[in-house]
Amino acid sequence: MHGLFRWSSKWWPGTIPLLVFWVIAAWTNTAPVESDLAARSAAALSDTVLDKRRIAVEGRDVTFAADAFSEDGRRGAVAAVAAVPGVRLVNDETRLVPEAKPFVWSAERDVVRVTLGGSSPLPASKNRLMEAARADLGGVEVVDQMNLARGAPPRFDDAALLALDQIAKLKDGKITISDTSISLAGMARELGGREAIAAALKNLPEGFSIATNEIKAPPYVFQAYKDPVAVTLTLTGYVPDDRVHAALVAAAGRKFFNEKVVDNLKASIGAPSGFSAAVLPALGALSRLSTGTLVVSDREVKLSGDAFYDAAAVAIRVGFGKDFPQGWQFKADIAVRPAAAPVDDTVCQQLFSDLLAKGTIRFESGRTTIDPDSVGLLDRLIEIALRCPTANIEIAGHTDSDGEDGFNQALSEKRAQAVIDYLVKAGLPASRFTATGYGSTQPIATNDTDEGKAQNRRIEFMVR
Amino acid sequence: MAYLVTFHWGWLLASLLLGFAMGWIAVVQRGQGVSRQASRWLSVLAASLVIAALTRVIPGRPGYWLDLGLLMFALYLVGCALGSWLRDWAVSRPAPAP
């Protein structure tokens with residue numbers, strides 16, 4: 001042992017080449033050591049979710065900067081880097097991602113693009129939202145303006161994905177999620193889009209609620225045009241469903257006895273509430289015009305056209321919209337068509353007969369109340385009566401053979417009188433008319449069939 | 001440590017061999033050795049460098065270079081000790097009969 005001490009005093013010359021070795025080793029190995037440690041650190045962090053990760057190595061010291069999404073995640077990441085073999089020191093420059101309060105995320109659509117903005121909780125959910133947006137909106141440019149932030153409510157991803165589904169149904173608009181409340185505004189792409197969105201929003205993830213829903217839909221339009229030249233009634237636009245469709249066309253057939261009904265209607269959801277209750281009386285008003293257009297746009301009803309005579313125009317103006325459901329707006333722009341030239345009594349009778357061959361004045365079954373579907377026909381009868389102001393007219397009521405004769409007789413009389421009352425109310429002098437009831441004594445067709453009975457139930461206008 | 005050894009094993013081996021050679025020569029060398037006073041100062045210097053390395057007070061690249069230098073120096077010393085001891089053993093062995 002003593003020898004070792006003695007010899008060691010002579011070991012120093014070797015330190016000179018050792019020094020040279022050291023310098024060369026340090027010179028050549030520094031860069032490889034640094035890159036090797038950087039790679040190992042990055043590999044150790046591959047399973048950790050971080051944002052803005054930056055790893056810098058000097059010698060064996062790692063400077064590690066990143067934004068972490070939780071305190072545990074942050075500590076775990078630093079520990080993982082510190083545990084990499086060969087790392088001497090870790091300069092911890094990590095921090096937590098800023099917390100957003102309130103946590104706001106939005107998706108905005110304009111004509112050409114969809115912009116996702118606000119905060120997103122994790123890079124993975126951000127990517128998921130971008131992918132979902134691209135998939136939902138095939139072909140539309142998707143712009144990512146999302147930041148990462150902590151503080152997202154639970155089930156945020158599900159809510160945002162649901163919102164993206166709705167953005168696809170909008171032409172333009174914006175959906176904002178602020179903490180757990182969702183606001184929607186914009187214009188639906190199609191009729192019924194608003195309803196589809198409202199239905200989809202019923203499946204919101206637990207905890208989320210709708211703050212405001214100001215989605216508008218394109219106007220729900222229904223149009224009817226009465227063309228006196230082609231003798232057609234053209235129906236275009238939308239109806240809520242097939243049942244209403246059939247009911248509307250049937251009602252049009254009854255009200256417009258003379259015109260051919262051209263049905264171009266399409267069924268679509270999104271109708272304003274009370275659609276049928278407004279459209280049916282509006283069609284009734286249109287049936288009283290010689291030419292006219294009915295436009296129903298959402299809850300706005302516009303009727304324009306020419307009435308057959310002054311009193312009818314007034315009656316239509318006053319009566320229009322009275323029986324519409326609440327919240328509906330209406331406007332009647334009614335003119336009177338120029339009065340036709342007077343004719344003599346024979347022509348007058350001919351006109352009455354022609355008209356009554358096409359349509360029949362209807363009554364409620366077994367009663368004397370005139371069916372509202374017949375007002376159009378009555379207006380035209382009144383117009384004819386106005387053309388022969390000197391003619392005295394007998395209003396003759398007939399029934400079919402069903403029921404007792406006495407009852408039929410009385411009913412036919414009362415119905416004839418009801419017609420006279422209507423004519424008088426329209427401004428014609430009562431002295432020109434007499435009501436006669438014939439009961440079932442003058443059938444014009446057999447009473448053995450339903451069609452024959454229907455022909456026998458009639459009111460006739462006879463010029464005397 | 002294990003990382004440094006596996007990464008620089010070539011240089012460490014070279015240090016060990018250099019030490020071995022130096023130790024081999026030192027036994028029979030007649031030159032002047034380091035004085036007792038100087039070797040004490042050198043020991044203090046080495047100890048303080050080891051302490052600096054263990055406490056990791058020197059940051060970044062110099063810290064790494066220090067670790068590497070000390071490791072090479074330690075293996076050099078081990079090589080020296082082995083060389084000297086082996087040479088001494090070989091020299092002091094009774095000469096074989098002619």
# chains A, B, ... in the order shown; residues from 1 in each chain; ligands from 1

call {"tool": "interface_residues", "arguments": {"of": "chain A", "to": "chain B", "cutoff": "10 Å", "atoms": "only C-alpha atoms", "output": "ChimeraX atom specification"}}
result
/A:1,3-15,17-19,21-27,29-34,36,57-63,84-89

call {"tool": "residues_around", "arguments": {"residues": "stretch 429-434 of chain A", "least_positions_apart": "5", "cutoff": "12 Å", "atoms": "only C-alpha atoms", "output": "PyMOL selection string"}}
result
chain A and resi 382+385-386+388-397+413-414+416-424+460-464

call {"tool": "write_last_selection", "arguments": {"atoms": "C-alpha atoms", "output": "PDB file, in the first residue's frame"}}
result
ATOM      1  CA  ILE A 382    -125.790  38.119 -57.181  1.00  0.00           C
ATOM      2  CA  ALA A 385    -129.057  39.457 -60.611  1.00  0.00           C
ATOM      3  CA  LEU A 386    -127.439  42.894 -60.663  1.00  0.00           C
ATOM      4  CA  CYS A 388    -131.005  42.450 -64.826  1.00  0.00           C
ATOM      5  CA  PRO A 389    -132.247  44.957 -62.254  1.00  0.00           C
ATOM      6  CA  THR A 390    -135.842  44.873 -63.384  1.00  0.00           C
ATOM      7  CA  ALA A 391    -136.368  41.111 -63.362  1.00  0.00           C
ATOM      8  CA  ASN A 392    -138.379  39.507 -60.586  1.00  0.00           C
ATOM      9  CA  ILE A 393    -136.887  36.243 -59.549  1.00  0.00           C
ATOM     10  CA  GLU A 394    -138.408  33.222 -57.942  1.00  0.00           C
ATOM     11  CA  ILE A 395    -136.031  31.283 -55.722  1.00  0.00           C
ATOM     12  CA  ALA A 396    -137.188  27.694 -55.814  1.00  0.00           C
ATOM     13  CA  GLY A 397    -136.104  25.154 -53.209  1.00  0.00           C
ATOM     14  CA  GLU A 413    -139.134  26.785 -48.421  1.00  0.00           C
ATOM     15  CA  LYS A 414    -136.848  27.814 -45.604  1.00  0.00           C
ATOM     16  CA  ALA A 416    -135.153  29.280 -50.508  1.00  0.00           C
ATOM     17  CA  GLN A 417    -135.844  32.010 -47.961  1.00  0.00           C
ATOM     18  CA  ALA A 418    -132.333  31.693 -46.545  1.00  0.00           C
ATOM     19  CA  VAL A 419    -130.960  32.367 -50.021  1.00  0.00           C
ATOM     20  CA  ILE A 420    -133.179  35.428 -50.374  1.00  0.00           C
ATOM     21  CA  ASP A 421    -131.964  36.654 -46.967  1.00  0.00           C
ATOM     22  CA  TYR A 422    -128.422  36.322 -48.214  1.00  0.00           C
ATOM     23  CA  LEU A 423    -129.195  38.224 -51.415  1.00  0.00           C
ATOM     24  CA  VAL A 424    -130.927  40.992 -49.515  1.00  0.00           C
ATOM     25  CA  GLU A 460    -133.204  27.233 -58.740  1.00  0.00           C
ATOM     26  CA  PHE A 461    -133.388  30.838 -59.852  1.00  0.00           C
ATOM     27  CA  MET A 462    -136.390  31.445 -62.131  1.00  0.00           C
ATOM     28  CA  VAL A 463    -136.842  34.814 -63.798  1.00  0.00           C
ATOM     29  CA  ARG A 464    -140.579  35.634 -63.886  1.00  0.00           C
TER      30      ARG A 464
END

call {"tool": "atom_distance", "arguments": {"atom1": "atom CA of B:Ala74", "atom2": "atom CA of B:Leu86"}}
result
18.3 Å

call {"tool": "select_by_dssp", "arguments": {"residues": "stretch 341-394 of chain A", "states": "helix (DSSP H, G or I)", "output": "PyMOL selection string"}}
result
chain A and resi 345-358+372-387

call {"tool": "closest_atom_pairs", "arguments": {"of": "stretch 149-194 of chain A", "to": "stretch 115-123 of chain A", "cutoff": "8 Å", "atoms": "only C-alpha atoms", "output": "tab-separated table"}}
result
residue	atom	partner	partner_atom	distance
A:Ala149	CA	A:Pro121	CA	5.3
A:Arg150	CA	A:Pro121	CA	5.6
A:Gly151	CA	A:Pro121	CA	7.3
A:Ala152	CA	A:Pro121	CA	5.8

call {"tool": "residues_around", "arguments": {"residues": "A:Leu355", "least_positions_apart": "5", "cutoff": "12 Å", "atoms": "only C-alpha atoms", "output": "ChimeraX atom specification"}}
result
/A:257-258,348-350,360-361,376-384,459-461

call {"tool": "write_last_selection", "arguments": {"atoms": "C-alpha atoms", "output": "PDB file, in the first residue's frame"}}
result
ATOM      1  CA  PHE A 257    -116.936  24.639 -58.232  1.00  0.00           C
ATOM      2  CA  ASN A 258    -116.171  26.067 -61.637  1.00  0.00           C
ATOM      3  CA  CYS A 348    -130.401  36.555 -67.201  1.00  0.00           C
ATOM      4  CA  GLN A 349    -132.315  33.282 -66.855  1.00  0.00           C
ATOM      5  CA  GLN A 350    -129.837  31.595 -69.157  1.00  0.00           C
ATOM      6  CA  THR A 360    -125.111  23.951 -56.317  1.00  0.00           C
ATOM      7  CA  ILE A 361    -125.859  26.090 -53.326  1.00  0.00           C
ATOM      8  CA  GLY A 376    -118.361  32.095 -54.176  1.00  0.00           C
ATOM      9  CA  LEU A 377    -121.288  30.748 -56.132  1.00  0.00           C
ATOM     10  CA  LEU A 378    -123.735  33.117 -54.405  1.00  0.00           C
ATOM     11  CA  ASP A 379    -121.521  36.106 -55.299  1.00  0.00           C
ATOM     12  CA  ARG A 380    -121.701  35.146 -58.937  1.00  0.00           C
ATOM     13  CA  LEU A 381    -125.471  34.669 -58.750  1.00  0.00           C
ATOM     14  CA  ILE A 382    -125.790  38.119 -57.181  1.00  0.00           C
ATOM     15  CA  GLU A 383    -123.643  39.609 -59.921  1.00  0.00           C
ATOM     16  CA  ILE A 384    -126.013  38.144 -62.518  1.00  0.00           C
ATOM     17  CA  ILE A 459    -132.021  25.830 -55.412  1.00  0.00           C
ATOM     18  CA  GLU A 460    -133.204  27.233 -58.740  1.00  0.00           C
ATOM     19  CA  PHE A 461    -133.388  30.838 -59.852  1.00  0.00           C
TER      20      PHE A 461
END

call {"tool": "atom_distance", "arguments": {"atom1": "atom CA of A:Arg457", "atom2": "atom CA of A:Thr399"}}
result
4.3 Å

call {"tool": "residues_around", "arguments": {"residues": "A:Ala312", "least_positions_apart": "5", "cutoff": "10 Å", "atoms": "only C-alpha atoms", "output": "mmCIF file with C-alpha atoms, in the first residue's frame"}}
result
data_model
loop_
_atom_site.group_PDB
_atom_site.id
_atom_site.type_symbol
_atom_site.label_atom_id
_atom_site.label_comp_id
_atom_site.auth_asym_id
_atom_site.auth_seq_id
_atom_site.Cartn_x
_atom_site.Cartn_y
_atom_site.Cartn_z
ATOM 1 C CA ARG A 288 -115.384 35.072 -53.839
ATOM 2 C CA LEU A 289 -113.053 36.914 -56.216
ATOM 3 C CA ASP A 306 -111.243 41.747 -57.817
ATOM 4 C CA ALA A 307 -114.611 41.129 -56.187
ATOM 5 C CA ARG A 317 -112.430 43.186 -46.521
ATOM 6 C CA VAL A 318 -114.369 43.187 -43.275
ATOM 7 C CA ILE A 334 -109.629 43.976 -52.844
ATOM 8 C CA ALA A 335 -110.840 45.951 -55.836
ATOM 9 C CA VAL A 336 -114.135 45.551 -57.686
ATOM 10 C CA VAL A 375 -120.385 31.950 -50.971
ATOM 11 C CA GLY A 376 -118.361 32.095 -54.176
ATOM 12 C CA ASP A 379 -121.521 36.106 -55.299
ATOM 13 C CA ILE A 382 -125.790 38.119 -57.181
ATOM 14 C CA GLU A 383 -123.643 39.609 -59.921
ATOM 15 C CA ALA A 426 -125.791 41.692 -50.156
ATOM 16 C CA GLY A 427 -127.827 44.766 -51.136
#

call {"tool": "atom_distance", "arguments": {"atom1": "atom CA of A:Leu428", "atom2": "atom CA of A:Gly305"}}
result
22.9 Å

call {"tool": "decode", "arguments": {"residues": "stretch 48-182 of chain A", "atoms": "C-alpha atoms", "output": "JSON list (two decimals), in the first residue's frame"}}
result
[["chain", "number", "residue", "atom", "x", "y", "z"],
["A", 48, "THR", "CA", -48.65, 12.61, -22.17],
["A", 49, "VAL", "CA", -51.10, 15.20, -23.48],
["A", 50, "LEU", "CA", -49.34, 18.55, -23.63],
["A", 51, "ASP", "CA", -49.52, 21.68, -25.68],
["A", 52, "LYS", "CA", -46.64, 23.82, -26.96],
["A", 53, "ARG", "CA", -44.06, 21.25, -25.85],
["A", 54, "ARG", "CA", -40.45, 22.37, -26.16],
["A", 55, "ILE", "CA", -37.43, 20.32, -25.10],
["A", 56, "ALA", "CA", -33.95, 21.86, -25.12],
["A", 57, "VAL", "CA", -30.89, 19.93, -23.91],
["A", 58, "GLU", "CA", -27.60, 21.48, -22.81],
["A", 59, "GLY", "CA", -25.07, 18.86, -21.81],
["A", 60, "ARG", "CA", -27.27, 16.50, -19.80],
["A", 61, "ASP", "CA", -29.60, 19.18, -18.48],
["A", 62, "VAL", "CA", -33.07, 19.26, -20.06],
["A", 63, "THR", "CA", -35.04, 22.48, -20.26],
["A", 64, "PHE", "CA", -38.62, 21.35, -20.57],
["A", 65, "ALA", "CA", -41.39, 23.80, -21.38],
["A", 66, "ALA", "CA", -45.01, 22.81, -22.04],
["A", 67, "ASP", "CA", -48.61, 23.68, -21.30],
["A", 68, "ALA", "CA", -50.28, 20.92, -19.34],
["A", 69, "PHE", "CA", -53.99, 20.34, -18.95],
["A", 70, "SER", "CA", -53.95, 19.34, -15.30],
["A", 71, "GLU", "CA", -51.61, 19.69, -12.33],
["A", 72, "ASP", "CA", -51.20, 15.91, -12.15],
["A", 73, "GLY", "CA", -50.41, 15.74, -15.83],
["A", 74, "ARG", "CA", -47.86, 18.51, -15.45],
["A", 75, "ARG", "CA", -46.08, 16.82, -12.52],
["A", 76, "GLY", "CA", -46.20, 13.46, -14.27],
["A", 77, "ALA", "CA", -44.61, 14.93, -17.39],
["A", 78, "VAL", "CA", -41.77, 16.54, -15.44],
["A", 79, "ALA", "CA", -41.19, 13.30, -13.51],
["A", 80, "ALA", "CA", -41.15, 11.32, -16.76],
["A", 81, "VAL", "CA", -38.43, 13.56, -18.21],
["A", 82, "ALA", "CA", -36.45, 13.45, -14.95],
["A", 83, "ALA", "CA", -36.59, 9.66, -15.02],
["A", 84, "VAL", "CA", -35.01, 9.41, -18.48],
["A", 85, "PRO", "CA", -31.62, 7.66, -18.03],
["A", 86, "GLY", "CA", -28.77, 10.14, -18.49],
["A", 87, "VAL", "CA", -30.74, 13.27, -17.68],
["A", 88, "ARG", "CA", -28.94, 15.13, -14.94],
["A", 89, "LEU", "CA", -31.23, 18.06, -14.21],
["A", 90, "VAL", "CA", -34.66, 19.15, -15.45],
["A", 91, "ASN", "CA", -35.30, 22.86, -15.74],
["A", 92, "ASP", "CA", -39.04, 22.84, -15.28],
["A", 93, "GLU", "CA", -40.65, 25.56, -17.36],
["A", 94, "THR", "CA", -44.02, 23.85, -17.63],
["A", 95, "ARG", "CA", -47.23, 25.57, -16.73],
["A", 96, "LEU", "CA", -50.91, 24.86, -16.79],
["A", 97, "VAL", "CA", -53.02, 25.82, -19.78],
["A", 98, "PRO", "CA", -54.95, 28.96, -18.82],
["A", 99, "GLU", "CA", -58.41, 28.38, -17.46],
["A", 100, "ALA", "CA", -61.29, 29.88, -19.43],
["A", 101, "LYS", "CA", -64.12, 31.27, -17.34],
["A", 102, "PRO", "CA", -66.71, 31.12, -18.75],
["A", 103, "PHE", "CA", -65.64, 28.37, -21.10],
["A", 104, "VAL", "CA", -66.86, 29.60, -24.48],
["A", 105, "TRP", "CA", -66.79, 27.68, -27.74],
["A", 106, "SER", "CA", -68.47, 28.69, -30.96],
["A", 107, "ALA", "CA", -69.11, 27.52, -34.46],
["A", 108, "GLU", "CA", -70.02, 30.18, -36.99],
["A", 109, "ARG", "CA", -71.18, 29.59, -40.50],
["A", 110, "ASP", "CA", -71.25, 32.09, -43.30],
["A", 111, "VAL", "CA", -71.70, 31.55, -46.98],
["A", 112, "VAL", "CA", -68.39, 29.89, -47.76],
["A", 113, "ARG", "CA", -66.89, 28.69, -44.53],
["A", 114, "VAL", "CA", -67.38, 27.46, -41.01],
["A", 115, "THR", "CA", -65.18, 28.95, -38.32],
["A", 116, "LEU", "CA", -64.65, 27.09, -35.08],
["A", 117, "GLY", "CA", -63.56, 29.50, -32.35],
["A", 118, "GLY", "CA", -63.27, 29.93, -28.62],
["A", 119, "SER", "CA", -61.80, 27.34, -26.31],
["A", 120, "SER", "CA", -61.33, 23.64, -26.64],
["A", 121, "PRO", "CA", -60.36, 21.46, -23.69],
["A", 122, "LEU", "CA", -57.73, 19.15, -25.23],
["A", 123, "PRO", "CA", -55.82, 18.88, -28.50],
["A", 124, "ALA", "CA", -57.57, 15.56, -29.10],
["A", 125, "SER", "CA", -61.03, 17.06, -28.76],
["A", 126, "LYS", "CA", -59.96, 19.96, -30.95],
["A", 127, "ASN", "CA", -58.93, 17.55, -33.69],
["A", 128, "ARG", "CA", -62.09, 15.55, -33.20],
["A", 129, "LEU", "CA", -64.23, 18.66, -33.64],
["A", 130, "MET", "CA", -62.32, 19.67, -36.76],
["A", 131, "GLU", "CA", -62.74, 16.21, -38.25],
["A", 132, "ALA", "CA", -66.41, 16.09, -37.35],
["A", 133, "ALA", "CA", -66.92, 19.53, -38.90],
["A", 134, "ARG", "CA", -65.22, 18.46, -42.12],
["A", 135, "ALA", "CA", -67.26, 15.26, -42.24],
["A", 136, "ASP", "CA", -70.58, 16.98, -41.47],
["A", 137, "LEU", "CA", -70.03, 19.87, -43.84],
["A", 138, "GLY", "CA", -68.48, 17.99, -46.75],
["A", 139, "GLY", "CA", -66.82, 20.47, -49.05],
["A", 140, "VAL", "CA", -67.22, 23.57, -46.93],
["A", 141, "GLU", "CA", -64.01, 25.16, -45.74],
["A", 142, "VAL", "CA", -63.50, 24.70, -41.99],
["A", 143, "VAL", "CA", -61.33, 27.27, -40.23],
["A", 144, "ASP", "CA", -59.78, 26.43, -36.87],
["A", 145, "GLN", "CA", -59.51, 29.40, -34.52],
["A", 146, "MET", "CA", -59.83, 27.41, -31.32],
["A", 147, "ASN", "CA", -57.52, 27.92, -28.37],
["A", 148, "LEU", "CA", -56.85, 25.35, -25.72],
["A", 149, "ALA", "CA", -58.09, 26.07, -22.25],
["A", 150, "ARG", "CA", -59.01, 24.34, -19.04],
["A", 151, "GLY", "CA", -62.40, 24.59, -17.41],
["A", 152, "ALA", "CA", -64.60, 22.80, -19.96],
["A", 153, "PRO", "CA", -67.86, 21.48, -18.53],
["A", 154, "PRO", "CA", -68.25, 17.69, -18.43],
["A", 155, "ARG", "CA", -69.44, 16.14, -21.71],
["A", 156, "PHE", "CA", -68.33, 19.24, -23.60],
["A", 157, "ASP", "CA", -67.25, 17.19, -26.62],
["A", 158, "ASP", "CA", -70.67, 15.60, -27.01],
["A", 159, "ALA", "CA", -72.39, 18.98, -26.81],
["A", 160, "ALA", "CA", -70.00, 20.52, -29.35],
["A", 161, "LEU", "CA", -70.43, 17.59, -31.75],
["A", 162, "LEU", "CA", -74.19, 17.98, -31.49],
["A", 163, "ALA", "CA", -73.81, 21.69, -32.22],
["A", 164, "LEU", "CA", -71.73, 20.89, -35.30],
["A", 165, "ASP", "CA", -74.48, 18.61, -36.56],
["A", 166, "GLN", "CA", -76.84, 21.57, -36.28],
["A", 167, "ILE", "CA", -74.43, 23.97, -38.01],
["A", 168, "ALA", "CA", -74.71, 21.68, -41.01],
["A", 169, "LYS", "CA", -78.42, 22.44, -41.13],
["A", 170, "LEU", "CA", -77.90, 26.20, -41.20],
["A", 171, "LYS", "CA", -77.36, 28.43, -44.19],
["A", 172, "ASP", "CA", -75.67, 30.96, -41.96],
["A", 173, "GLY", "CA", -75.60, 31.44, -38.23],
["A", 174, "LYS", "CA", -73.72, 30.83, -35.06],
["A", 175, "ILE", "CA", -73.92, 28.33, -32.24],
["A", 176, "THR", "CA", -72.18, 29.26, -29.00],
["A", 177, "ILE", "CA", -71.59, 27.06, -25.99],
["A", 178, "SER", "CA", -70.86, 29.14, -22.90],
["A", 179, "ASP", "CA", -70.19, 26.81, -19.99],
["A", 180, "THR", "CA", -73.32, 24.68, -20.11],
["A", 181, "SER", "CA", -75.69, 27.02, -21.92],
["A", 182, "ILE", "CA", -76.08, 26.92, -25.66]]
